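Q: Below are the structure tokens for one structure; questions will follow.
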Number of protein chains: 2
Amino acid sequence: MDNSKIGHHISGQFNKELEDVRNKVLTMGGLVEQQIELAVTAFSTGDMEMAELVIKQDNQVDALEMAIDQECMQILALRQPAAFDLRLLITVIKVVNDLERVGDMAERIAEMAIQLAGADGNNKHDHYYELEHMAELVQEMLHGALDVFARMNIEDVTTITGLDSNVDREYGSIIRQLVTRMMEDPRNITRMLDVLWIARSLERIGDHACNICEHLVYMVKGEDVRHLTQEELEKKMKE
Amino acid sequence: MDNSKIGHHISGQFNKELEDVRNKVLTMGGLVEQQIELAVTAFSTGDMEMAELVIKQDNQVDALEMAIDQECMQILALRQPAAFDLRLLITVIKVVNDLERVGDMAERIAEMAIQLAGADGNNKHDHYYELEHMAELVQEMLHGALDVFARMNIEDVTTITGLDSNVDREYGSIIRQLVTRMMEDPRNITRMLDVLWIARSLERIGDHACNICEHLVYMVKGEDVRHLTQEELEKKMKE
């Protein structure tokens, strides 16, 4: 399937409305991706101003969510769409909800980065390689999910959702590592808890990327694939 | 506003469909409430079988979410509702998403209860009074939110959302307490982290109850009140 599904309406105005909604979702997605990038960099470098920027920009993400929701409701009320168009609009409402939550996670990471920078001084996090790798993984997942939405091509969905087990594995390993450091020196506990919240937020971003993929499968195929295992999803996608 | 908004359709069949969806949401809500109750009791008493039951029943919550979603999509496609009915259906789709997440939180609490019971033996959690009180608060919030949905009366919404600052305060106090216990004896760290995840899950349940309230205000008033402060929401509700 490709974008041609979008362009088939007799009403050129309706086409424009749907295109506009899709573009806004991609704008919101891009903004959220940037938020994660900035938050993770702020954590790695201890750049407090960058972290403050992430927190400040969360309002923009929230405003985009509300604007897109409202636009979808208006189209639903006025155009009374069916089939693919209806699924597209409902999917958009769900996707922007996940994106908004990802924005909240980025904000959370930024808050923790500020706490850590305040406690530590700058440039003291160079050794959290695993966390940085986990961040790269979930960024790849979210980017992939947004790409699926942009191209309306769900072929790569299982590749994206398949990364989530790697994320979970790295998350588990980071938690064990943090517990060890806490035990070695209890003075580390508060700081390690801040790092733990960052790991947790990244893990949640991976989950939201998977949610978005599932919504998009529903949009394209009309089948609800939530709550399937990775194996079940792979099988379903080959049907 | 009362239920009379629901009964005004010329098509008796359409009325029945909307009533059916509403009843299913309330069934799902009741199930999720029960899950929290069981999970928290399993934690307090160390009853592993009860915790296993919560984990097992999560499938039912997931299945209800998918069934309700599908029913809403069918009504949207066939009836092409507008105004209040459209908002009702979109709100239901959002509310069941929050309820499903609450079910996940209950499952999480049950998992932690099992880990703690395994590590501790039974009846060792009698001293987590603050956690139990926090659980009561978020249960009250969720029950209130479901009650708003059942009665379609949003008068009490700010009372419910107002409780969230109490939840956040208790959550902060529990975290500080857990950190202290970790520092006092590093052998407590793993166990205290399990308790921390329970506190975190409860705090999230409070957030989801607030989300549900916000969705319901939108349903009844047609106004998006997300991302407002408690004061702003109170002001808005008096308009």
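Residue numbering restarts at 1 for every chain of the structure tokens, chains are lettered A, B, ... in their displayed order, and ligands are numbered from 1 as they appear.
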Considering only C-alpha atoms, extract the chain A residues located within 9 Å of chain B and return them as an mmCIF file with all heavy atoms, in the first residue's frame.
A:
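Listed below is the output, iface-v1.cif:
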```
data_model
loop_
_atom_site.group_PDB
_atom_site.id
_atom_site.type_symbol
_atom_site.label_atom_id
_atom_site.label_comp_id
_atom_site.auth_asym_id
_atom_site.auth_seq_id
_atom_site.Cartn_x
_atom_site.Cartn_y
_atom_site.Cartn_z
ATOM 1 N N ASN A 59 5.288 22.282 26.027
ATOM 2 C CA ASN A 59 4.008 22.953 25.728
ATOM 3 C C ASN A 59 3.653 22.876 24.247
ATOM 4 O O ASN A 59 2.477 22.750 23.895
ATOM 5 C CB ASN A 59 4.087 24.446 26.085
ATOM 6 C CG ASN A 59 4.165 24.636 27.576
ATOM 7 O OD1 ASN A 59 3.772 23.761 28.335
ATOM 8 N ND2 ASN A 59 4.704 25.777 27.999
ATOM 9 N N ASP A 62 2.271 19.456 23.509
ATOM 10 C CA ASP A 62 0.897 19.366 24.022
ATOM 11 C C ASP A 62 -0.075 20.124 23.122
ATOM 12 O O ASP A 62 -1.178 19.644 22.831
ATOM 13 C CB ASP A 62 0.818 19.949 25.441
ATOM 14 C CG ASP A 62 1.617 19.131 26.442
ATOM 15 O OD1 ASP A 62 2.040 18.010 26.091
ATOM 16 O OD2 ASP A 62 1.830 19.612 27.571
ATOM 17 N N ALA A 63 0.334 21.319 22.691
ATOM 18 C CA ALA A 63 -0.544 22.141 21.852
ATOM 19 C C ALA A 63 -0.801 21.458 20.508
ATOM 20 O O ALA A 63 -1.929 21.480 19.995
ATOM 21 C CB ALA A 63 0.082 23.522 21.643
ATOM 22 N N MET A 66 -3.375 18.674 20.929
ATOM 23 C CA MET A 66 -4.748 19.168 21.039
ATOM 24 C C MET A 66 -5.258 19.682 19.691
ATOM 25 O O MET A 66 -6.418 19.448 19.328
ATOM 26 C CB MET A 66 -4.829 20.249 22.116
ATOM 27 C CG MET A 66 -4.534 19.678 23.511
ATOM 28 S SD MET A 66 -5.176 20.691 24.859
ATOM 29 C CE MET A 66 -4.095 22.099 24.764
ATOM 30 N N GLN A 70 -8.405 18.032 17.603
ATOM 31 C CA GLN A 70 -9.555 18.864 17.235
ATOM 32 C C GLN A 70 -9.825 18.802 15.738
ATOM 33 O O GLN A 70 -10.983 18.700 15.306
ATOM 34 C CB GLN A 70 -9.287 20.315 17.659
ATOM 35 C CG GLN A 70 -10.564 21.116 17.816
ATOM 36 C CD GLN A 70 -10.279 22.583 18.107
ATOM 37 O OE1 GLN A 70 -9.125 22.982 18.231
ATOM 38 N NE2 GLN A 70 -11.331 23.381 18.214
ATOM 39 N N MET A 73 -11.529 15.558 14.948
ATOM 40 C CA MET A 73 -12.937 15.577 15.358
ATOM 41 C C MET A 73 -13.780 16.357 14.352
ATOM 42 O O MET A 73 -14.900 15.955 14.026
ATOM 43 C CB MET A 73 -13.085 16.211 16.744
ATOM 44 C CG MET A 73 -12.595 15.346 17.881
ATOM 45 S SD MET A 73 -13.390 13.713 17.988
ATOM 46 C CE MET A 73 -14.970 14.140 18.712
ATOM 47 N N LEU A 76 -14.191 14.242 11.261
ATOM 48 C CA LEU A 76 -15.136 13.157 11.547
ATOM 49 C C LEU A 76 -16.573 13.670 11.521
ATOM 50 O O LEU A 76 -17.473 13.022 10.984
ATOM 51 C CB LEU A 76 -14.841 12.532 12.917
ATOM 52 C CG LEU A 76 -13.625 11.594 13.012
ATOM 53 C CD1 LEU A 76 -13.263 11.332 14.470
ATOM 54 C CD2 LEU A 76 -13.884 10.275 12.279
ATOM 55 N N ALA A 77 -16.799 14.849 12.110
ATOM 56 C CA ALA A 77 -18.152 15.390 12.199
ATOM 57 C C ALA A 77 -18.662 15.854 10.838
ATOM 58 O O ALA A 77 -19.814 15.604 10.481
ATOM 59 C CB ALA A 77 -18.183 16.545 13.200
ATOM 60 N N LEU A 78 -17.793 16.498 10.057
ATOM 61 C CA LEU A 78 -18.258 17.117 8.812
ATOM 62 C C LEU A 78 -18.239 16.169 7.622
ATOM 63 O O LEU A 78 -19.106 16.217 6.761
ATOM 64 C CB LEU A 78 -17.410 18.351 8.486
ATOM 65 C CG LEU A 78 -17.527 19.493 9.500
ATOM 66 C CD1 LEU A 78 -16.536 20.599 9.181
ATOM 67 C CD2 LEU A 78 -18.956 20.045 9.524
ATOM 68 N N GLN A 80 -17.879 12.669 7.850
ATOM 69 C CA GLN A 80 -18.395 11.342 8.160
ATOM 70 C C GLN A 80 -17.707 10.246 7.335
ATOM 71 O O GLN A 80 -18.350 9.515 6.590
ATOM 72 C CB GLN A 80 -19.906 11.332 7.947
ATOM 73 C CG GLN A 80 -20.534 12.562 8.604
ATOM 74 C CD GLN A 80 -21.950 12.394 9.001
ATOM 75 O OE1 GLN A 80 -22.773 11.976 8.214
ATOM 76 N NE2 GLN A 80 -22.242 12.682 10.261
ATOM 77 N N PRO A 81 -16.405 10.149 7.490
ATOM 78 C CA PRO A 81 -15.634 9.204 6.673
ATOM 79 C C PRO A 81 -15.908 7.757 7.057
ATOM 80 O O PRO A 81 -16.381 7.484 8.159
ATOM 81 C CB PRO A 81 -14.184 9.557 6.996
ATOM 82 C CG PRO A 81 -14.247 10.119 8.379
ATOM 83 C CD PRO A 81 -15.562 10.821 8.489
ATOM 84 N N ALA A 82 -15.616 6.852 6.136
ATOM 85 C CA ALA A 82 -15.743 5.419 6.408
ATOM 86 C C ALA A 82 -14.452 4.723 6.002
ATOM 87 O O ALA A 82 -13.524 5.360 5.505
ATOM 88 C CB ALA A 82 -16.925 4.854 5.634
ATOM 89 N N ALA A 83 -14.403 3.426 6.250
ATOM 90 C CA ALA A 83 -13.291 2.566 5.824
ATOM 91 C C ALA A 83 -11.923 3.160 6.170
ATOM 92 O O ALA A 83 -11.713 3.585 7.288
ATOM 93 C CB ALA A 83 -13.425 2.254 4.348
ATOM 94 N N LEU A 86 -11.702 6.652 7.923
ATOM 95 C CA LEU A 86 -12.108 6.605 9.329
ATOM 96 C C LEU A 86 -10.979 6.016 10.177
ATOM 97 O O LEU A 86 -10.612 6.564 11.223
ATOM 98 C CB LEU A 86 -13.385 5.758 9.476
ATOM 99 C CG LEU A 86 -13.875 5.495 10.901
ATOM 100 C CD1 LEU A 86 -14.189 6.791 11.636
ATOM 101 C CD2 LEU A 86 -15.104 4.577 10.893
ATOM 102 N N ARG A 87 -10.393 4.921 9.692
ATOM 103 C CA ARG A 87 -9.287 4.307 10.451
ATOM 104 C C ARG A 87 -8.106 5.259 10.552
ATOM 105 O O ARG A 87 -7.452 5.340 11.581
ATOM 106 C CB ARG A 87 -8.864 2.987 9.797
ATOM 107 C CG ARG A 87 -9.931 1.887 9.851
ATOM 108 C CD ARG A 87 -9.318 0.498 9.747
ATOM 109 N NE ARG A 87 -8.521 0.315 8.535
ATOM 110 C CZ ARG A 87 -9.007 -0.037 7.344
ATOM 111 N NH1 ARG A 87 -10.300 -0.260 7.196
ATOM 112 N NH2 ARG A 87 -8.200 -0.189 6.308
ATOM 113 N N ILE A 90 -8.929 7.879 13.331
ATOM 114 C CA ILE A 90 -8.893 7.298 14.676
ATOM 115 C C ILE A 90 -7.449 6.930 15.044
ATOM 116 O O ILE A 90 -7.008 7.131 16.176
ATOM 117 C CB ILE A 90 -9.827 6.065 14.763
ATOM 118 C CG1 ILE A 90 -11.285 6.466 14.465
ATOM 119 C CG2 ILE A 90 -9.706 5.388 16.119
ATOM 120 C CD1 ILE A 90 -11.888 7.461 15.436
ATOM 121 N N ILE A 93 -5.585 9.998 16.128
ATOM 122 C CA ILE A 93 -5.919 10.375 17.507
ATOM 123 C C ILE A 93 -5.110 9.522 18.497
ATOM 124 O O ILE A 93 -4.614 10.017 19.506
ATOM 125 C CB ILE A 93 -7.446 10.237 17.744
ATOM 126 C CG1 ILE A 93 -8.190 11.354 16.994
ATOM 127 C CG2 ILE A 93 -7.784 10.273 19.242
ATOM 128 C CD1 ILE A 93 -9.712 11.242 17.033
ATOM 129 N N LYS A 94 -4.947 8.230 18.177
ATOM 130 C CA LYS A 94 -4.188 7.356 19.072
ATOM 131 C C LYS A 94 -2.685 7.632 19.009
ATOM 132 O O LYS A 94 -2.000 7.629 20.023
ATOM 133 C CB LYS A 94 -4.464 5.889 18.719
ATOM 134 C CG LYS A 94 -5.881 5.463 19.053
ATOM 135 C CD LYS A 94 -6.105 4.004 18.754
ATOM 136 C CE LYS A 94 -7.500 3.598 19.235
ATOM 137 N NZ LYS A 94 -7.700 2.158 19.170
ATOM 138 N N VAL A 179 21.889 -1.091 40.638
ATOM 139 C CA VAL A 179 21.734 -1.678 41.971
ATOM 140 C C VAL A 179 23.114 -2.004 42.556
ATOM 141 O O VAL A 179 23.390 -1.714 43.723
ATOM 142 C CB VAL A 179 20.846 -2.946 41.914
ATOM 143 C CG1 VAL A 179 20.880 -3.690 43.240
ATOM 144 C CG2 VAL A 179 19.413 -2.571 41.554
ATOM 145 N N MET A 182 24.686 1.108 43.733
ATOM 146 C CA MET A 182 24.047 1.578 44.973
ATOM 147 C C MET A 182 24.591 0.792 46.164
ATOM 148 O O MET A 182 24.852 1.361 47.221
ATOM 149 C CB MET A 182 22.537 1.363 44.902
ATOM 150 C CG MET A 182 21.789 2.309 43.978
ATOM 151 S SD MET A 182 20.008 1.928 44.112
ATOM 152 C CE MET A 182 19.368 2.724 42.661
ATOM 153 N N MET A 183 24.741 -0.512 45.972
ATOM 154 C CA MET A 183 25.209 -1.353 47.076
ATOM 155 C C MET A 183 26.660 -1.044 47.426
ATOM 156 O O MET A 183 27.038 -1.051 48.594
ATOM 157 C CB MET A 183 25.066 -2.829 46.709
ATOM 158 C CG MET A 183 23.620 -3.298 46.738
ATOM 159 S SD MET A 183 23.518 -5.045 46.385
ATOM 160 C CE MET A 183 21.795 -5.356 46.698
ATOM 161 N N GLU A 184 27.462 -0.780 46.399
ATOM 162 C CA GLU A 184 28.880 -0.487 46.620
ATOM 163 C C GLU A 184 29.068 0.771 47.454
ATOM 164 O O GLU A 184 29.951 0.837 48.294
ATOM 165 C CB GLU A 184 29.597 -0.309 45.273
ATOM 166 C CG GLU A 184 29.944 -1.624 44.602
ATOM 167 C CD GLU A 184 30.374 -1.430 43.140
ATOM 168 O OE1 GLU A 184 30.477 -0.250 42.686
ATOM 169 O OE2 GLU A 184 30.576 -2.449 42.470
ATOM 170 N N ASP A 185 28.240 1.761 47.163
ATOM 171 C CA ASP A 185 28.366 3.015 47.902
ATOM 172 C C ASP A 185 26.994 3.669 48.044
ATOM 173 O O ASP A 185 26.504 4.307 47.104
ATOM 174 C CB ASP A 185 29.338 3.954 47.174
ATOM 175 C CG ASP A 185 29.600 5.212 47.993
ATOM 176 O OD1 ASP A 185 28.914 5.422 49.037
ATOM 177 O OD2 ASP A 185 30.487 5.992 47.608
ATOM 178 N N PRO A 186 26.394 3.523 49.227
ATOM 179 C CA PRO A 186 25.036 4.053 49.425
ATOM 180 C C PRO A 186 24.917 5.552 49.155
ATOM 181 O O PRO A 186 23.812 6.042 48.929
ATOM 182 C CB PRO A 186 24.743 3.739 50.891
ATOM 183 C CG PRO A 186 25.620 2.579 51.197
ATOM 184 C CD PRO A 186 26.862 2.790 50.403
ATOM 185 N N ARG A 187 26.038 6.254 49.126
ATOM 186 C CA ARG A 187 25.949 7.673 48.782
ATOM 187 C C ARG A 187 25.532 7.865 47.330
ATOM 188 O O ARG A 187 25.123 8.945 46.914
ATOM 189 C CB ARG A 187 27.293 8.371 49.023
ATOM 190 C CG ARG A 187 27.592 8.606 50.499
ATOM 191 C CD ARG A 187 29.016 9.069 50.662
ATOM 192 N NE ARG A 187 29.950 8.077 50.120
ATOM 193 C CZ ARG A 187 31.276 8.203 50.102
ATOM 194 N NH1 ARG A 187 31.842 9.291 50.590
ATOM 195 N NH2 ARG A 187 32.040 7.255 49.597
ATOM 196 N N ILE A 189 23.030 6.338 45.980
ATOM 197 C CA ILE A 189 21.638 5.905 45.776
ATOM 198 C C ILE A 189 20.781 6.954 45.078
ATOM 199 O O ILE A 189 20.130 6.665 44.065
ATOM 200 C CB ILE A 189 21.004 5.454 47.110
ATOM 201 C CG1 ILE A 189 21.634 4.112 47.532
ATOM 202 C CG2 ILE A 189 19.492 5.302 46.984
ATOM 203 C CD1 ILE A 189 21.207 3.598 48.893
ATOM 204 N N THR A 190 20.774 8.173 45.605
ATOM 205 C CA THR A 190 19.908 9.196 45.012
ATOM 206 C C THR A 190 20.253 9.429 43.548
ATOM 207 O O THR A 190 19.370 9.511 42.690
ATOM 208 C CB THR A 190 20.023 10.527 45.794
ATOM 209 O OG1 THR A 190 19.921 10.230 47.177
ATOM 210 C CG2 THR A 190 18.916 11.480 45.414
ATOM 211 N N LEU A 193 19.163 6.568 41.365
ATOM 212 C CA LEU A 193 17.713 6.577 41.135
ATOM 213 C C LEU A 193 17.339 7.527 40.000
ATOM 214 O O LEU A 193 16.458 7.232 39.191
ATOM 215 C CB LEU A 193 16.952 6.956 42.406
ATOM 216 C CG LEU A 193 16.750 5.846 43.446
ATOM 217 C CD1 LEU A 193 15.969 6.373 44.637
ATOM 218 C CD2 LEU A 193 16.029 4.631 42.845
ATOM 219 N N ASP A 224 -6.693 -5.486 14.437
ATOM 220 C CA ASP A 224 -6.159 -5.068 15.734
ATOM 221 C C ASP A 224 -5.075 -6.055 16.156
ATOM 222 O O ASP A 224 -5.360 -7.209 16.454
ATOM 223 C CB ASP A 224 -7.305 -5.064 16.765
ATOM 224 C CG ASP A 224 -6.919 -4.318 18.037
ATOM 225 O OD1 ASP A 224 -5.724 -4.207 18.327
ATOM 226 O OD2 ASP A 224 -7.842 -3.843 18.728
ATOM 227 N N ARG A 226 -2.819 -5.474 18.686
ATOM 228 C CA ARG A 226 -2.281 -5.204 20.022
ATOM 229 C C ARG A 226 -2.258 -6.490 20.845
ATOM 230 O O ARG A 226 -3.023 -7.420 20.571
ATOM 231 C CB ARG A 226 -3.165 -4.168 20.741
ATOM 232 C CG ARG A 226 -3.013 -2.788 20.159
ATOM 233 C CD ARG A 226 -3.964 -1.832 20.818
ATOM 234 N NE ARG A 226 -5.352 -2.128 20.467
ATOM 235 C CZ ARG A 226 -6.376 -1.365 20.814
ATOM 236 N NH1 ARG A 226 -6.177 -0.283 21.525
ATOM 237 N NH2 ARG A 226 -7.603 -1.671 20.454
ATOM 238 N N HIS A 227 -1.411 -6.500 21.821
ATOM 239 C CA HIS A 227 -1.327 -7.611 22.776
ATOM 240 C C HIS A 227 -0.909 -8.926 22.116
ATOM 241 O O HIS A 227 -1.175 -9.997 22.655
ATOM 242 C CB HIS A 227 -2.653 -7.803 23.532
ATOM 243 C CG HIS A 227 -3.198 -6.521 24.093
ATOM 244 N ND1 HIS A 227 -2.495 -5.733 24.966
ATOM 245 C CD2 HIS A 227 -4.381 -5.869 23.889
ATOM 246 C CE1 HIS A 227 -3.207 -4.667 25.281
ATOM 247 N NE2 HIS A 227 -4.350 -4.718 24.634
#
```
Q: Would you kindly return, as a list of chain:residue names, each protein, DNA or RNA residue with an atom no farther than 9 Å from any atom of A:Ala106, considering only C-alpha atoms and excluding same-chain residues fewer than 2 positions away?
A: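 After dropping sequence-adjacent residues, the list is A:Val32, A:Glu33, A:Gln35, A:Ile36, A:Glu37, A:Leu38, A:Ala39, A:Val40, A:Val54, A:Ile55, A:Asp58, A:Arg101, A:Val102, A:Gly103, A:Asp104, A:Arg108, A:Ile109, A:Ala110, A:Glu111, A:Ile198, A:Ser201, A:Leu202, A:Ile205.
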Q: Would you give me, as an MDAnalysis selection string, the residues in chain B that DSSP reads as alpha helix (DSSP H)?
A: chainID B and resid 12:45 48:79 83:120 129:151 157:184 189:221 230:238
Q: One decimal, in Å: what's the spacing between atom CA of B:His143 and atom CA of B:Leu26?
A: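 Computing it gives 10.5 Å between the two atoms.
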Q: Extract, using only C-alpha atoms, all DNA, RNA and protein residues at most 10 Å from stretch 145-154 of chain B, discarding same-chain residues fewer than 5 positions from it, and format them as a PyMOL selection string.
A: chain B and resi 1-6+22-23+25-26+29-30+33+92+95+99+139-140+160-161+208-221+237
Q: Atoms to include: N, CA and C atoms. Write the selected residues as a compact mmCIF listing (two decimals), in the first residue's frame.
A:
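Here's the written file again.txt:
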```
# COMPACT_ATOMS: atom_id res chain seq x y z
N MET B 1 -26.04 17.96 33.27
CA MET B 1 -26.38 17.00 32.22
C MET B 1 -26.61 15.61 32.76
N ASP B 2 -27.56 14.89 32.19
CA ASP B 2 -27.79 13.55 32.68
C ASP B 2 -27.90 12.57 31.51
N ASN B 3 -28.35 11.38 31.82
CA ASN B 3 -28.40 10.34 30.80
C ASN B 3 -29.37 10.65 29.67
N SER B 4 -30.22 11.65 29.83
CA SER B 4 -31.24 11.92 28.82
C SER B 4 -30.63 12.21 27.46
N LYS B 5 -29.37 12.73 27.44
CA LYS B 5 -28.69 12.98 26.17
C LYS B 5 -28.55 11.71 25.35
N ILE B 6 -28.47 10.59 26.07
CA ILE B 6 -28.26 9.31 25.40
C ILE B 6 -29.53 8.80 24.75
N ARG B 22 -21.46 1.84 26.48
CA ARG B 22 -21.30 2.43 27.81
C ARG B 22 -21.25 1.34 28.88
N ASN B 23 -22.14 0.36 28.78
CA ASN B 23 -22.15 -0.71 29.77
C ASN B 23 -20.85 -1.51 29.75
N VAL B 25 -17.91 -0.39 28.91
CA VAL B 25 -16.86 0.42 29.54
C VAL B 25 -16.95 0.29 31.06
N LEU B 26 -18.18 0.33 31.58
CA LEU B 26 -18.35 0.22 33.03
C LEU B 26 -17.95 -1.16 33.52
N GLY B 29 -14.24 -1.09 33.54
CA GLY B 29 -13.82 -0.28 34.68
C GLY B 29 -13.91 -1.06 35.98
N GLY B 30 -15.02 -1.79 36.16
CA GLY B 30 -15.20 -2.60 37.37
C GLY B 30 -14.13 -3.67 37.49
N GLU B 33 -10.87 -2.00 38.46
CA GLU B 33 -10.90 -1.66 39.89
C GLU B 33 -10.61 -2.89 40.75
N VAL B 92 -14.90 7.27 24.58
CA VAL B 92 -14.84 5.86 25.00
C VAL B 92 -13.52 5.24 24.53
N VAL B 95 -10.91 6.54 26.85
CA VAL B 95 -11.05 6.07 28.23
C VAL B 95 -10.59 4.61 28.36
N LEU B 99 -7.91 2.89 30.81
CA LEU B 99 -8.26 1.75 31.68
C LEU B 99 -7.31 0.57 31.44
N GLN B 139 -7.54 4.59 44.24
CA GLN B 139 -8.76 3.81 44.00
C GLN B 139 -9.98 4.72 44.07
N GLU B 140 -9.96 5.63 45.04
CA GLU B 140 -11.05 6.59 45.16
C GLU B 140 -11.14 7.46 43.89
N ILE B 160 -12.12 15.10 42.12
CA ILE B 160 -11.29 13.93 41.81
C ILE B 160 -9.87 14.34 41.41
N THR B 161 -9.77 15.26 40.44
CA THR B 161 -8.44 15.66 39.98
C THR B 161 -7.66 16.36 41.10
N HIS B 208 -3.92 8.42 35.37
CA HIS B 208 -4.90 7.91 34.41
C HIS B 208 -6.33 8.29 34.82
N ALA B 209 -6.60 8.27 36.12
CA ALA B 209 -7.93 8.70 36.60
C ALA B 209 -8.17 10.17 36.20
N CYS B 210 -7.13 10.99 36.32
CA CYS B 210 -7.25 12.40 35.91
C CYS B 210 -7.49 12.49 34.40
N ASN B 211 -6.74 11.70 33.63
CA ASN B 211 -6.95 11.69 32.17
C ASN B 211 -8.41 11.38 31.84
N ILE B 212 -8.93 10.35 32.51
CA ILE B 212 -10.32 9.94 32.23
C ILE B 212 -11.26 11.11 32.52
N CYS B 213 -11.04 11.78 33.65
CA CYS B 213 -11.88 12.95 33.98
C CYS B 213 -11.81 13.99 32.88
N GLU B 214 -10.60 14.26 32.38
CA GLU B 214 -10.45 15.27 31.33
C GLU B 214 -11.20 14.85 30.06
N HIS B 215 -11.09 13.58 29.71
CA HIS B 215 -11.83 13.09 28.53
C HIS B 215 -13.33 13.30 28.71
N LEU B 216 -13.81 13.07 29.94
CA LEU B 216 -15.25 13.15 30.19
C LEU B 216 -15.74 14.60 30.14
N VAL B 217 -14.90 15.52 30.57
CA VAL B 217 -15.26 16.94 30.44
C VAL B 217 -15.40 17.28 28.96
N TYR B 218 -14.47 16.78 28.16
CA TYR B 218 -14.55 17.02 26.71
C TYR B 218 -15.85 16.43 26.15
N MET B 219 -16.17 15.22 26.58
CA MET B 219 -17.38 14.56 26.08
C MET B 219 -18.62 15.41 26.36
N VAL B 220 -18.72 15.90 27.58
CA VAL B 220 -19.94 16.61 27.99
C VAL B 220 -19.95 18.05 27.50
N LYS B 221 -18.82 18.74 27.66
CA LYS B 221 -18.80 20.18 27.34
C LYS B 221 -18.24 20.49 25.95
N MET B 237 -14.40 24.96 34.88
CA MET B 237 -15.61 24.20 35.20
C MET B 237 -16.72 25.10 35.72
```
Q: Quote the spacing between atom CA of B:Val21 and atom CA of B:Arg204 in Å to one decimal place.
A: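 It comes out at 25.5 Å.
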Q: Measuring atom to atom with only C-alpha atoms, identify which of B:Met50, B:Leu89, B:Ala42, B:Ala135 is nearest to B:Glu170.
A: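 Of the candidates, the smallest distance to B:Glu170 is held by B:Ala135.
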Q: Rank nothing, just name the residue among A:Glu100, A:Asp168, A:Asp20, A:Glu155 nearest to A:Glu71, using only C-alpha atoms.
A: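 Of A:Glu100, A:Asp168, A:Asp20, A:Glu155, the one nearest A:Glu71, counting only C-alpha atoms, is A:Asp20.
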